[in-house]
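Visitor: Take a look at this one; I'll ask things after.
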Amino acid sequence: MKTDIEIAQGAKMNPISKVAEKIGLKEDDIDFYGKYKCKISLDVLKRGKSEGKLILVTAINPTPAGEGKSTVTVGLGDALARKNKNVIIALREPSLGPVFGVKGGAAGGGYAQVVPMEDINLHFTGDMHAITSANNLLCATIDNHLHQGNSLKIDQRRIVFKRVLDINDRALRNTVVGLGGKINGVPREDGFMITVASEIMAILCLSTSLMDLKERISNIVVAYDIDGNPVYCKQLNVEGALALLMKDAIKPNLVQTLENTPAIIHGGPFANIAHGCNSILATKTALSLSDYTVTEAGFGADLGAEKFFDIKCRYGNIKPSCTVIVATVRALKHHGGLMKSELNIPNIDALAKGIENLGKQIENVKKYKIPVVVAINKFVSDSQEEVQFIKEYCNKLNVRCSLADVWEKGGEGGLELAENVLEAIEKEDNNFKCLYDEKLSIDEKLNIIATEIYGADGVTFTDAAKKQIDELHNFNLDKLPICVAKTQYSLSDNASLLGRPSGFKINVREVKVSNGAGFIVVLTGNVMTMPGLPKVPAAERMDIHEDGSIEGLF
């Protein structure tokens, strides 16, 4: 069997101008980035075309066995295209951190991929670098302000805006800057996050226009002064410069699948430490140019889907038409207590225990009053008995369920899933609503998420977190949606509690506001905003040859 990159390198891609023409775009609507990539002008959204149907693909809690959410997203889009539907796929941009670390990219796999795969997973159109540069320009401005006299009286112990880098580098989590004497600035503690955790990334993904992006940047809380008052980016007068660095990055990127289905890839916040969705502009552009848009949200439904519904849909005025929950036999058996080495052996008992994770995620999505379809992403080790067990389980919950064989067969392997999705959209009720009112207190909003979505008994707060909540309330910065940073591997904040745990509480250690993005970040457990590399990074398997061909990139 060919590797993902070998399959991608054998793709017969259409010129991107032809892909753009297929969805009604003219040459004046796009900016070319080579033969097979382009950016779409924001003016396209001003044409006022009615929006199509939006299909969200989410999943159970991820496991080392893999779920293939992006693969199913691409395969479903290709399947809808095979059924002669006008469809666009909308995905997030991969981060270099997981590409060179352990997780891999986010362009699908097998015969359900977005191409050119090497470009998408590496530098693509430079959006990540623009975000990194804008973020670090603001950091440099803060330190320069301290060096030049600190007229805003910034408390150097309470600078909350950190530098970023789009590589996993644990050594940069905690740093000291400004060393080397007076000429090199004011010494202080600092640290780096990965670029996808940056508030600038979140702002890019939640902005509705270039001017909205600039306004959001201006409202970033960068620090607190010596009297405890928040200091905003606009007080440093660099919001225009940051927006200037983002003038091209804000435009959605157009590429294609192996089957030449149009795909828009734009923005890439992680769902465990950020809000986990591609940009509002990308999704709304896709909706305006197609009858069906297939998009995805990061990790499991408890993280990505919840944030998609409660943050992205709220700010984008978006109403999803259907949600697909991806599960695999192998992953459900892992949730049932099996080791990775045991997952290829049929085991109904482990499956029966682990399937409760799927049941909880179905329950979670149903709380938003939209149709749900389950996709069983096929692996060669799946037994017919195990697949049938999942189908019967879903049938008892009155949920449509399909076996998706898109990794091996591309769109052809997703035709049954596509039919179930179309039927769910047409025949089932859709009364979409957000889970909570953002005007509630931080404690109330978080308690609703913890009890309703995670199944927790409640929430506990450190003394520091309680103080931070009180402070945000005093500054009227608390009436925003909640973005929980927690492990993706469990419904709880403890990665070892698999399946559908009970009798636990969510433990909050820090609360901070991303005022420009428009949400409150709640950090739980030991989630890191700067990941580290594994013992054997994926980078060690990669190489490039004299003719420019690449190997080891999946």
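We label chains A, B, ... in the order they appear in the structure tokens, count residues from 1 in each chain, and number ligands from 1 in the order shown.
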Tell me, as a list in words, which residues lie within 9 Å of Ala107 of chain A, counting only C-alpha atoms; anything in the same chain fewer than 5 positions away does not count.
Guide: Ser70, Thr71, Val74, Leu91, Arg92, Glu93, Pro94, Ala112, Gln113, Val114, Val115, Met117, Ile120 and Asn121 of chain A
Visitor: So that I have them on file, write out the residues from the current selection with C-alpha atoms, as a compact mmCIF listing (two decimals), in the first residue's frame.
Guide:
```txt
# COMPACT_ATOMS: atom_id res chain seq x y z
CA SER A 70 -10.06 15.10 8.50
CA THR A 71 -9.95 12.03 6.24
CA VAL A 74 -12.51 15.08 2.77
CA LEU A 91 -10.50 22.74 6.78
CA ARG A 92 -7.93 24.19 9.17
CA GLU A 93 -4.32 24.80 8.19
CA PRO A 94 -1.82 22.33 9.68
CA ALA A 112 -9.24 11.18 0.84
CA GLN A 113 -6.65 13.96 0.88
CA VAL A 114 -6.32 17.63 0.07
CA VAL A 115 -3.45 18.52 -2.28
CA MET A 117 -0.11 17.89 0.42
CA ILE A 120 -0.32 22.51 2.78
CA ASN A 121 1.58 20.76 5.57
```
Visitor: Residues within 12 Å of segment 477-481 of chain A, please, as a VMD selection string. Count only C-alpha atoms; anything in the same chain fewer than 5 positions from it doesn't count.
Guide: chain A and resid 219 to 221 229 to 230 275 306 to 315 434 to 446 448 to 449 468 to 472 511 to 522
Visitor: Excluding Met542 of chain A and residues on its chain fewer than 5 positions from it, collect all residues at most 6 Å away from it, counting only C-alpha atoms, and give them as a list in words.
Guide: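 So, after excluding close chain neighbours, the residues are Glu551, Gly552 and Leu553 of chain A.
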Visitor: So which one's closest to Tyr33 of chain A, A:Ser207, A:Asn253, A:Thr293, A:Thr132? Using only C-alpha atoms, please.
Guide: A:Asn253
Visitor: Apply DSSP to the backbone of this structure and, from segment 81-247 of chain A, keep only the residues in helix (DSSP H, G or I); write these as an mmCIF file with N, CA, C and O atoms, in the first residue's frame.
Guide:
```
data_model
loop_
_atom_site.group_PDB
_atom_site.id
_atom_site.type_symbol
_atom_site.label_atom_id
_atom_site.label_comp_id
_atom_site.auth_asym_id
_atom_site.auth_seq_id
_atom_site.Cartn_x
_atom_site.Cartn_y
_atom_site.Cartn_z
ATOM 1 N N ALA A 81 -19.750 15.321 -3.940
ATOM 2 C CA ALA A 81 -19.447 15.747 -5.312
ATOM 3 C C ALA A 81 -19.790 14.645 -6.303
ATOM 4 O O ALA A 81 -20.299 14.914 -7.408
ATOM 5 N N ARG A 82 -19.542 13.382 -5.927
ATOM 6 C CA ARG A 82 -19.892 12.254 -6.790
ATOM 7 C C ARG A 82 -21.406 12.144 -6.980
ATOM 8 O O ARG A 82 -21.876 11.586 -7.979
ATOM 9 N N LEU A 96 3.129 23.476 11.923
ATOM 10 C CA LEU A 96 4.406 22.777 11.790
ATOM 11 C C LEU A 96 4.755 21.990 13.039
ATOM 12 O O LEU A 96 5.523 21.029 12.985
ATOM 13 N N GLY A 97 4.194 22.382 14.192
ATOM 14 C CA GLY A 97 4.485 21.675 15.438
ATOM 15 C C GLY A 97 4.174 20.190 15.344
ATOM 16 O O GLY A 97 5.065 19.343 15.476
ATOM 17 N N PRO A 98 2.927 19.810 15.128
ATOM 18 C CA PRO A 98 2.606 18.383 15.018
ATOM 19 C C PRO A 98 3.165 17.730 13.765
ATOM 20 O O PRO A 98 3.430 16.526 13.760
ATOM 21 N N VAL A 99 3.345 18.498 12.678
ATOM 22 C CA VAL A 99 3.908 17.924 11.459
ATOM 23 C C VAL A 99 5.278 17.318 11.735
ATOM 24 O O VAL A 99 5.589 16.196 11.311
ATOM 25 N N PHE A 100 6.125 18.043 12.484
ATOM 26 C CA PHE A 100 7.465 17.557 12.789
ATOM 27 C C PHE A 100 7.528 16.841 14.138
ATOM 28 O O PHE A 100 8.587 16.357 14.525
ATOM 29 N N MET A 117 -0.274 18.261 -0.981
ATOM 30 C CA MET A 117 -0.108 17.887 0.419
ATOM 31 C C MET A 117 1.164 18.447 1.047
ATOM 32 O O MET A 117 1.140 18.946 2.174
ATOM 33 N N GLU A 118 2.292 18.404 0.296
ATOM 34 C CA GLU A 118 3.540 18.909 0.869
ATOM 35 C C GLU A 118 3.432 20.395 1.189
ATOM 36 O O GLU A 118 3.845 20.852 2.248
ATOM 37 N N ASP A 119 2.855 21.161 0.282
ATOM 38 C CA ASP A 119 2.724 22.607 0.490
ATOM 39 C C ASP A 119 1.814 22.915 1.674
ATOM 40 O O ASP A 119 2.129 23.754 2.521
ATOM 41 N N ILE A 120 0.669 22.246 1.726
ATOM 42 C CA ILE A 120 -0.317 22.515 2.776
ATOM 43 C C ILE A 120 0.280 22.236 4.150
ATOM 44 O O ILE A 120 0.075 22.998 5.106
ATOM 45 N N ASN A 121 1.039 21.150 4.277
ATOM 46 C CA ASN A 121 1.585 20.756 5.574
ATOM 47 C C ASN A 121 2.877 21.470 5.934
ATOM 48 O O ASN A 121 3.348 21.345 7.066
ATOM 49 N N ASP A 127 0.509 31.956 5.903
ATOM 50 C CA ASP A 127 -0.383 32.504 6.934
ATOM 51 C C ASP A 127 0.191 32.350 8.338
ATOM 52 O O ASP A 127 0.117 33.277 9.161
ATOM 53 N N MET A 128 0.747 31.169 8.631
ATOM 54 C CA MET A 128 1.295 30.933 9.969
ATOM 55 C C MET A 128 2.432 31.906 10.274
ATOM 56 O O MET A 128 2.578 32.394 11.401
ATOM 57 N N HIS A 129 3.242 32.207 9.266
ATOM 58 C CA HIS A 129 4.360 33.124 9.480
ATOM 59 C C HIS A 129 3.864 34.551 9.687
ATOM 60 O O HIS A 129 4.432 35.301 10.489
ATOM 61 N N ALA A 130 2.798 34.923 8.981
ATOM 62 C CA ALA A 130 2.223 36.254 9.170
ATOM 63 C C ALA A 130 1.671 36.406 10.585
ATOM 64 O O ALA A 130 1.854 37.443 11.238
ATOM 65 N N ILE A 131 0.997 35.363 11.060
ATOM 66 C CA ILE A 131 0.451 35.388 12.418
ATOM 67 C C ILE A 131 1.573 35.470 13.445
ATOM 68 O O ILE A 131 1.523 36.264 14.393
ATOM 69 N N THR A 132 2.606 34.670 13.240
ATOM 70 C CA THR A 132 3.759 34.683 14.145
ATOM 71 C C THR A 132 4.420 36.061 14.161
ATOM 72 O O THR A 132 4.759 36.594 15.232
ATOM 73 N N SER A 133 4.596 36.658 12.992
ATOM 74 C CA SER A 133 5.240 37.970 12.903
ATOM 75 C C SER A 133 4.407 39.054 13.575
ATOM 76 O O SER A 133 4.945 39.905 14.301
ATOM 77 N N ALA A 134 3.088 39.030 13.338
ATOM 78 C CA ALA A 134 2.214 40.027 13.954
ATOM 79 C C ALA A 134 2.236 39.888 15.472
ATOM 80 O O ALA A 134 2.330 40.880 16.208
ATOM 81 N N ASN A 135 2.127 38.659 15.950
ATOM 82 C CA ASN A 135 2.158 38.399 17.392
ATOM 83 C C ASN A 135 3.447 38.939 18.006
ATOM 84 O O ASN A 135 3.432 39.642 19.030
ATOM 85 N N ASN A 136 4.577 38.625 17.379
ATOM 86 C CA ASN A 136 5.869 38.982 17.971
ATOM 87 C C ASN A 136 6.209 40.456 17.791
ATOM 88 O O ASN A 136 7.005 41.007 18.567
ATOM 89 N N LEU A 137 5.608 41.112 16.789
ATOM 90 C CA LEU A 137 5.745 42.569 16.693
ATOM 91 C C LEU A 137 5.101 43.233 17.903
ATOM 92 O O LEU A 137 5.662 44.185 18.483
ATOM 93 N N LEU A 138 3.941 42.728 18.314
ATOM 94 C CA LEU A 138 3.287 43.274 19.504
ATOM 95 C C LEU A 138 4.149 43.036 20.745
ATOM 96 O O LEU A 138 4.295 43.935 21.587
ATOM 97 N N CYS A 139 4.742 41.856 20.847
ATOM 98 C CA CYS A 139 5.629 41.574 21.991
ATOM 99 C C CYS A 139 6.835 42.507 22.001
ATOM 100 O O CYS A 139 7.232 43.029 23.057
ATOM 101 N N ALA A 140 7.428 42.712 20.825
ATOM 102 C CA ALA A 140 8.583 43.606 20.734
ATOM 103 C C ALA A 140 8.197 45.032 21.111
ATOM 104 O O ALA A 140 8.979 45.753 21.761
ATOM 105 N N THR A 141 6.989 45.441 20.744
ATOM 106 C CA THR A 141 6.501 46.777 21.078
ATOM 107 C C THR A 141 6.325 46.940 22.585
ATOM 108 O O THR A 141 6.638 47.998 23.159
ATOM 109 N N ILE A 142 5.810 45.894 23.225
ATOM 110 C CA ILE A 142 5.640 45.944 24.684
ATOM 111 C C ILE A 142 6.991 46.139 25.367
ATOM 112 O O ILE A 142 7.161 47.011 26.239
ATOM 113 N N ASP A 143 7.985 45.330 24.979
ATOM 114 C CA ASP A 143 9.303 45.435 25.614
ATOM 115 C C ASP A 143 9.988 46.748 25.264
ATOM 116 O O ASP A 143 10.721 47.316 26.096
ATOM 117 N N ASN A 144 9.741 47.235 24.058
ATOM 118 C CA ASN A 144 10.310 48.538 23.694
ATOM 119 C C ASN A 144 9.694 49.657 24.525
ATOM 120 O O ASN A 144 10.377 50.603 24.934
ATOM 121 N N HIS A 145 8.390 49.531 24.801
ATOM 122 C CA HIS A 145 7.710 50.525 25.637
ATOM 123 C C HIS A 145 8.330 50.556 27.033
ATOM 124 O O HIS A 145 8.557 51.646 27.604
ATOM 125 N N LEU A 146 8.628 49.388 27.590
ATOM 126 C CA LEU A 146 9.291 49.338 28.895
ATOM 127 C C LEU A 146 10.655 50.019 28.827
ATOM 128 O O LEU A 146 11.030 50.802 29.704
ATOM 129 N N HIS A 147 11.401 49.733 27.764
ATOM 130 C CA HIS A 147 12.757 50.253 27.605
ATOM 131 C C HIS A 147 12.775 51.775 27.437
ATOM 132 O O HIS A 147 13.693 52.458 27.913
ATOM 133 N N ARG A 170 9.720 22.771 23.903
ATOM 134 C CA ARG A 170 9.447 22.884 25.348
ATOM 135 C C ARG A 170 10.425 23.806 26.072
ATOM 136 O O ARG A 170 10.089 24.387 27.097
ATOM 137 N N ALA A 171 11.645 23.955 25.541
ATOM 138 C CA ALA A 171 12.653 24.786 26.203
ATOM 139 C C ALA A 171 12.255 26.257 26.245
ATOM 140 O O ALA A 171 12.819 27.032 27.019
ATOM 141 N N LEU A 172 11.272 26.646 25.421
ATOM 142 C CA LEU A 172 10.861 28.045 25.358
ATOM 143 C C LEU A 172 9.613 28.344 26.196
ATOM 144 O O LEU A 172 9.130 29.473 26.189
ATOM 145 N N LYS A 182 21.650 47.424 30.354
ATOM 146 C CA LYS A 182 20.619 48.434 30.092
ATOM 147 C C LYS A 182 20.283 48.572 28.620
ATOM 148 O O LYS A 182 19.127 48.765 28.242
ATOM 149 N N ILE A 183 21.267 48.447 27.739
ATOM 150 C CA ILE A 183 21.037 48.664 26.316
ATOM 151 C C ILE A 183 20.133 47.595 25.698
ATOM 152 O O ILE A 183 19.523 47.798 24.642
ATOM 153 N N ASN A 184 20.010 46.442 26.362
ATOM 154 C CA ASN A 184 19.238 45.325 25.820
ATOM 155 C C ASN A 184 17.826 45.226 26.391
ATOM 156 O O ASN A 184 17.157 44.223 26.178
ATOM 157 N N THR A 195 2.264 28.916 17.822
ATOM 158 C CA THR A 195 1.527 29.936 17.068
ATOM 159 C C THR A 195 0.020 29.699 17.058
ATOM 160 O O THR A 195 -0.767 30.641 17.156
ATOM 161 N N VAL A 196 -0.387 28.441 16.984
ATOM 162 C CA VAL A 196 -1.826 28.148 16.904
ATOM 163 C C VAL A 196 -2.564 28.457 18.198
ATOM 164 O O VAL A 196 -3.798 28.481 18.220
ATOM 165 N N ALA A 197 -1.819 28.689 19.292
ATOM 166 C CA ALA A 197 -2.452 29.081 20.554
ATOM 167 C C ALA A 197 -2.517 30.599 20.710
ATOM 168 O O ALA A 197 -3.098 31.101 21.669
ATOM 169 N N GLU A 199 -3.518 34.476 20.461
ATOM 170 C CA GLU A 199 -4.781 35.197 20.314
ATOM 171 C C GLU A 199 -4.899 35.795 18.920
ATOM 172 O O GLU A 199 -6.010 35.955 18.395
ATOM 173 N N ILE A 200 -3.785 36.091 18.274
ATOM 174 C CA ILE A 200 -3.829 36.595 16.901
ATOM 175 C C ILE A 200 -4.431 35.547 15.962
ATOM 176 O O ILE A 200 -5.208 35.867 15.058
ATOM 177 N N MET A 201 -4.089 34.274 16.179
ATOM 178 C CA MET A 201 -4.696 33.198 15.391
ATOM 179 C C MET A 201 -6.201 33.159 15.618
ATOM 180 O O MET A 201 -6.990 33.062 14.664
ATOM 181 N N ALA A 202 -6.619 33.235 16.871
ATOM 182 C CA ALA A 202 -8.047 33.211 17.175
ATOM 183 C C ALA A 202 -8.758 34.402 16.552
ATOM 184 O O ALA A 202 -9.877 34.278 16.029
ATOM 185 N N ILE A 203 -8.119 35.567 16.584
ATOM 186 C CA ILE A 203 -8.706 36.770 15.988
ATOM 187 C C ILE A 203 -8.859 36.595 14.481
ATOM 188 O O ILE A 203 -9.899 36.933 13.902
ATOM 189 N N LEU A 204 -7.831 36.062 13.818
ATOM 190 C CA LEU A 204 -7.931 35.795 12.385
ATOM 191 C C LEU A 204 -9.141 34.916 12.086
ATOM 192 O O LEU A 204 -9.896 35.169 11.132
ATOM 193 N N CYS A 205 -9.339 33.897 12.917
ATOM 194 C CA CYS A 205 -10.389 32.922 12.652
ATOM 195 C C CYS A 205 -11.788 33.415 13.023
ATOM 196 O O CYS A 205 -12.784 32.850 12.556
ATOM 197 N N LEU A 206 -11.884 34.437 13.850
ATOM 198 C CA LEU A 206 -13.202 34.928 14.282
ATOM 199 C C LEU A 206 -13.551 36.291 13.689
ATOM 200 O O LEU A 206 -14.636 36.813 13.943
ATOM 201 N N LEU A 210 -11.479 42.777 7.298
ATOM 202 C CA LEU A 210 -10.168 43.311 7.646
ATOM 203 C C LEU A 210 -10.282 44.350 8.751
ATOM 204 O O LEU A 210 -9.472 44.393 9.677
ATOM 205 N N MET A 211 -11.301 45.209 8.687
ATOM 206 C CA MET A 211 -11.475 46.235 9.714
ATOM 207 C C MET A 211 -11.908 45.619 11.046
ATOM 208 O O MET A 211 -11.528 46.106 12.123
ATOM 209 N N ASP A 212 -12.688 44.536 10.982
ATOM 210 C CA ASP A 212 -13.048 43.829 12.207
ATOM 211 C C ASP A 212 -11.804 43.216 12.828
ATOM 212 O O ASP A 212 -11.626 43.244 14.061
ATOM 213 N N LEU A 213 -10.916 42.676 12.001
ATOM 214 C CA LEU A 213 -9.650 42.129 12.488
ATOM 215 C C LEU A 213 -8.834 43.200 13.199
ATOM 216 O O LEU A 213 -8.306 42.980 14.296
ATOM 217 N N LYS A 214 -8.738 44.388 12.595
ATOM 218 C CA LYS A 214 -7.967 45.473 13.213
ATOM 219 C C LYS A 214 -8.594 45.904 14.534
ATOM 220 O O LYS A 214 -7.878 46.155 15.519
ATOM 221 N N GLU A 215 -9.903 45.979 14.580
ATOM 222 C CA GLU A 215 -10.588 46.365 15.816
ATOM 223 C C GLU A 215 -10.360 45.333 16.912
ATOM 224 O O GLU A 215 -10.107 45.687 18.077
ATOM 225 N N ARG A 216 -10.430 44.070 16.554
ATOM 226 C CA ARG A 216 -10.208 43.013 17.534
ATOM 227 C C ARG A 216 -8.776 43.049 18.068
ATOM 228 O O ARG A 216 -8.541 42.882 19.267
ATOM 229 N N ILE A 217 -7.809 43.269 17.164
ATOM 230 C CA ILE A 217 -6.414 43.383 17.598
ATOM 231 C C ILE A 217 -6.252 44.525 18.595
ATOM 232 O O ILE A 217 -5.551 44.404 19.604
ATOM 233 N N SER A 218 -6.923 45.643 18.336
ATOM 234 C CA SER A 218 -6.794 46.804 19.221
ATOM 235 C C SER A 218 -7.289 46.513 20.628
ATOM 236 O O SER A 218 -6.836 47.125 21.598
ATOM 237 N N CYS A 233 -3.829 46.722 23.520
ATOM 238 C CA CYS A 233 -2.955 46.897 22.365
ATOM 239 C C CYS A 233 -3.092 48.290 21.768
ATOM 240 O O CYS A 233 -2.097 48.910 21.370
ATOM 241 N N LYS A 234 -4.316 48.823 21.717
ATOM 242 C CA LYS A 234 -4.542 50.132 21.102
ATOM 243 C C LYS A 234 -3.800 51.257 21.837
ATOM 244 O O LYS A 234 -3.507 52.300 21.240
ATOM 245 N N GLN A 235 -3.462 51.032 23.104
ATOM 246 C CA GLN A 235 -2.709 52.044 23.836
ATOM 247 C C GLN A 235 -1.245 52.093 23.388
ATOM 248 O O GLN A 235 -0.545 53.059 23.673
ATOM 249 N N LEU A 236 -0.813 51.054 22.685
ATOM 250 C CA LEU A 236 0.539 51.019 22.134
ATOM 251 C C LEU A 236 0.570 51.492 20.679
ATOM 252 O O LEU A 236 1.645 51.599 20.074
ATOM 253 N N GLU A 239 -2.006 48.557 16.377
ATOM 254 C CA GLU A 239 -3.011 47.674 15.789
ATOM 255 C C GLU A 239 -3.029 47.759 14.262
ATOM 256 O O GLU A 239 -3.248 46.764 13.562
ATOM 257 N N GLY A 240 -2.762 48.957 13.728
ATOM 258 C CA GLY A 240 -2.710 49.119 12.278
ATOM 259 C C GLY A 240 -1.551 48.351 11.664
ATOM 260 O O GLY A 240 -1.695 47.715 10.603
ATOM 261 N N ALA A 241 -0.398 48.386 12.321
ATOM 262 C CA ALA A 241 0.772 47.658 11.817
ATOM 263 C C ALA A 241 0.541 46.153 11.853
ATOM 264 O O ALA A 241 0.914 45.435 10.914
ATOM 265 N N LEU A 242 -0.085 45.665 12.927
ATOM 266 C CA LEU A 242 -0.363 44.235 13.013
ATOM 267 C C LEU A 242 -1.359 43.809 11.937
ATOM 268 O O LEU A 242 -1.190 42.758 11.294
ATOM 269 N N ALA A 243 -2.393 44.614 11.727
ATOM 270 C CA ALA A 243 -3.370 44.301 10.684
ATOM 271 C C ALA A 243 -2.714 44.322 9.305
ATOM 272 O O ALA A 243 -3.049 43.522 8.427
ATOM 273 N N LEU A 244 -1.768 45.236 9.109
ATOM 274 C CA LEU A 244 -1.040 45.316 7.843
ATOM 275 C C LEU A 244 -0.290 44.014 7.565
ATOM 276 O O LEU A 244 -0.281 43.512 6.430
ATOM 277 N N LEU A 245 0.332 43.451 8.606
ATOM 278 C CA LEU A 245 1.023 42.173 8.439
ATOM 279 C C LEU A 245 0.060 41.039 8.096
ATOM 280 O O LEU A 245 0.469 40.013 7.552
#
```
Visitor: Got a sec: who's within 9 Å of Tyr292 of chain A, counting only C-alpha atoms, leaving out chain neighbours fewer than 5 positions off, as a PDB file with C-alpha atoms, in the first residue's frame?
Guide:
```pdb
ATOM      1  CA  GLU A  51     -25.777  30.460   2.072  1.00  0.00           C
ATOM      2  CA  GLY A  52     -25.799  26.702   1.530  1.00  0.00           C
ATOM      3  CA  LYS A  53     -26.027  23.872   4.068  1.00  0.00           C
ATOM      4  CA  LEU A  54     -23.214  23.451   6.614  1.00  0.00           C
ATOM      5  CA  ILE A  55     -22.087  19.983   7.716  1.00  0.00           C
ATOM      6  CA  GLY A  77     -16.997  16.093   0.488  1.00  0.00           C
ATOM      7  CA  LEU A  80     -21.229  14.562  -2.149  1.00  0.00           C
ATOM      8  CA  LYS A  85     -23.812  18.200  -5.338  1.00  0.00           C
ATOM      9  CA  ASN A  86     -22.177  21.632  -5.445  1.00  0.00           C
ATOM     10  CA  VAL A  87     -19.841  21.164  -2.481  1.00  0.00           C
ATOM     11  CA  ILE A  88     -16.793  22.822  -0.909  1.00  0.00           C
ATOM     12  CA  ILE A  89     -14.667  21.399   1.906  1.00  0.00           C
ATOM     13  CA  ALA A 286     -17.578  28.325   1.158  1.00  0.00           C
ATOM     14  CA  LEU A 287     -21.249  28.632   2.131  1.00  0.00           C
TER      15      LEU A 287
END
```
Visitor: I need the strand (DSSP E) residues of segment 327-519 of chain A per DSSP on the backbone, written as a count of residues only.
Guide: 29
Visitor: From the options A:Gly66, A:Gly228, A:Pro116, A:Gly499, which residue's atoms come nearest to Lys378 of chain A, counting only C-alpha atoms?
Guide: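 Ranked by minimum distance to Lys378 of chain A, first place goes to A:Gly66.
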Visitor: Show which residues sit within 8 Å of Val459 of chain A, as a PDB file with C-alpha atoms, in the first residue's frame. Count only C-alpha atoms, and ignore same-chain residues fewer than 5 positions away.
Guide:
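The resulting out_35.pdb:
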```pdb
ATOM      1  CA  LEU A 446     -18.137  26.949  32.921  1.00  0.00           C
ATOM      2  CA  ASN A 447     -20.358  24.871  35.186  1.00  0.00           C
ATOM      3  CA  ALA A 450     -18.525  20.938  32.635  1.00  0.00           C
ATOM      4  CA  LYS A 505     -14.769  17.555  38.792  1.00  0.00           C
ATOM      5  CA  ILE A 506     -13.051  19.939  36.396  1.00  0.00           C
ATOM      6  CA  ASN A 507     -10.099  21.629  38.101  1.00  0.00           C
ATOM      7  CA  VAL A 508      -9.416  25.187  36.916  1.00  0.00           C
TER       8      VAL A 508
END
```
Visitor: Tell me which of A:Gly410, A:Ile226, A:Lys466, A:Ile273 sits closest to Thr524 of chain A, counting only C-alpha atoms.
Guide: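 The shortest atom-to-atom distance to Thr524 of chain A comes from A:Ile273.
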Visitor: For segment 397-404 of chain A, find every residue with an atom within 9 Å (counting only C-alpha atoms), except residues of its own chain fewer than 3 positions away, and show them as a ChimeraX atom specification.
Guide: /A:72,75-76,359,362,371-378,387,390-394,407,413-418,420-421,424
Visitor: In terms of the shortest atom-to-atom distance over only C-alpha atoms, which of A:Gly276, A:Gly126, A:Pro64, A:Gly108 is closest to Lys333 of chain A?
Guide: A:Pro64
Visitor: Can you tell me how far atom CA of Arg541 of chain A sits from atom CA of Phe124 of chain A, in Å to one decimal?
Guide: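 Rounded to one decimal, the two atoms are 20.7 Å apart.
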Visitor: Which residues are close to Gln256 of chain A, i.e. within 8 Å by only C-alpha atoms, leaving aside same-chain residues fewer than 2 positions away? Reply as number ranges by chain.
Guide: A: 13, 16, 19, 114-116, 254, 258-264
Visitor: Would you save the residues from that selection as a short mmCIF file (atom, residue, chain, number, x, y, z; two decimals), in the first residue's frame, using N, CA, C and O atoms?
Guide:
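Ended up saving to result-v6.cif:
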```
data_model
loop_
_atom_site.label_atom_id
_atom_site.label_comp_id
_atom_site.auth_asym_id
_atom_site.auth_seq_id
_atom_site.Cartn_x
_atom_site.Cartn_y
_atom_site.Cartn_z
N MET A 13 -3.74 16.89 -10.43
CA MET A 13 -4.37 18.13 -9.99
C MET A 13 -4.78 18.99 -11.18
O MET A 13 -4.09 19.03 -12.20
N ILE A 16 -5.35 25.64 -10.45
CA ILE A 16 -6.23 26.23 -9.45
C ILE A 16 -7.24 27.18 -10.09
O ILE A 16 -8.35 27.38 -9.56
N VAL A 19 -10.23 25.08 -10.78
CA VAL A 19 -10.96 24.78 -9.54
C VAL A 19 -11.78 26.00 -9.12
O VAL A 19 -12.95 25.87 -8.72
N VAL A 114 -6.37 16.33 0.75
CA VAL A 114 -6.32 17.63 0.07
C VAL A 114 -4.89 17.82 -0.43
O VAL A 114 -3.93 17.49 0.26
N VAL A 115 -4.77 18.34 -1.65
CA VAL A 115 -3.45 18.52 -2.28
C VAL A 115 -3.31 19.95 -2.80
O VAL A 115 -4.32 20.63 -3.03
N PRO A 116 -2.04 20.43 -2.98
CA PRO A 116 -0.76 19.74 -2.83
C PRO A 116 -0.38 19.53 -1.36
O PRO A 116 -0.20 20.49 -0.62
N LEU A 254 -7.55 28.58 -1.34
CA LEU A 254 -8.27 27.58 -2.13
C LEU A 254 -7.30 26.56 -2.69
O LEU A 254 -6.30 26.91 -3.32
N LEU A 258 -7.91 15.10 -3.94
CA LEU A 258 -7.41 14.18 -4.96
C LEU A 258 -8.42 14.00 -6.10
O LEU A 258 -8.05 13.71 -7.23
N GLU A 259 -9.71 14.20 -5.76
CA GLU A 259 -10.78 14.05 -6.76
C GLU A 259 -11.20 15.40 -7.32
O GLU A 259 -12.26 15.53 -7.94
N ASN A 260 -10.37 16.43 -7.08
CA ASN A 260 -10.55 17.78 -7.62
C ASN A 260 -11.76 18.52 -7.06
O ASN A 260 -12.24 19.49 -7.66
N THR A 261 -12.24 18.10 -5.89
CA THR A 261 -13.29 18.85 -5.20
C THR A 261 -12.66 20.09 -4.57
O THR A 261 -11.60 20.00 -3.94
N PRO A 262 -13.26 21.28 -4.73
CA PRO A 262 -12.69 22.50 -4.14
C PRO A 262 -12.59 22.40 -2.61
O PRO A 262 -13.51 21.89 -1.96
N ALA A 263 -11.48 22.88 -2.08
CA ALA A 263 -11.27 22.86 -0.62
C ALA A 263 -10.67 24.19 -0.19
O ALA A 263 -9.67 24.65 -0.76
N ILE A 264 -11.29 24.82 0.80
CA ILE A 264 -10.79 26.07 1.37
C ILE A 264 -10.13 25.73 2.71
O ILE A 264 -10.75 25.13 3.59
#
```
Visitor: Check the smallest atom-to-atom distance from each of A:Ile280, A:Leu523, A:Val160, A:Leu343 to Thr295 of chain A using only C-alpha atoms, then report the winner.
Guide: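 Nearest candidate to Thr295 of chain A out of A:Ile280, A:Leu523, A:Val160, A:Leu343: A:Ile280.
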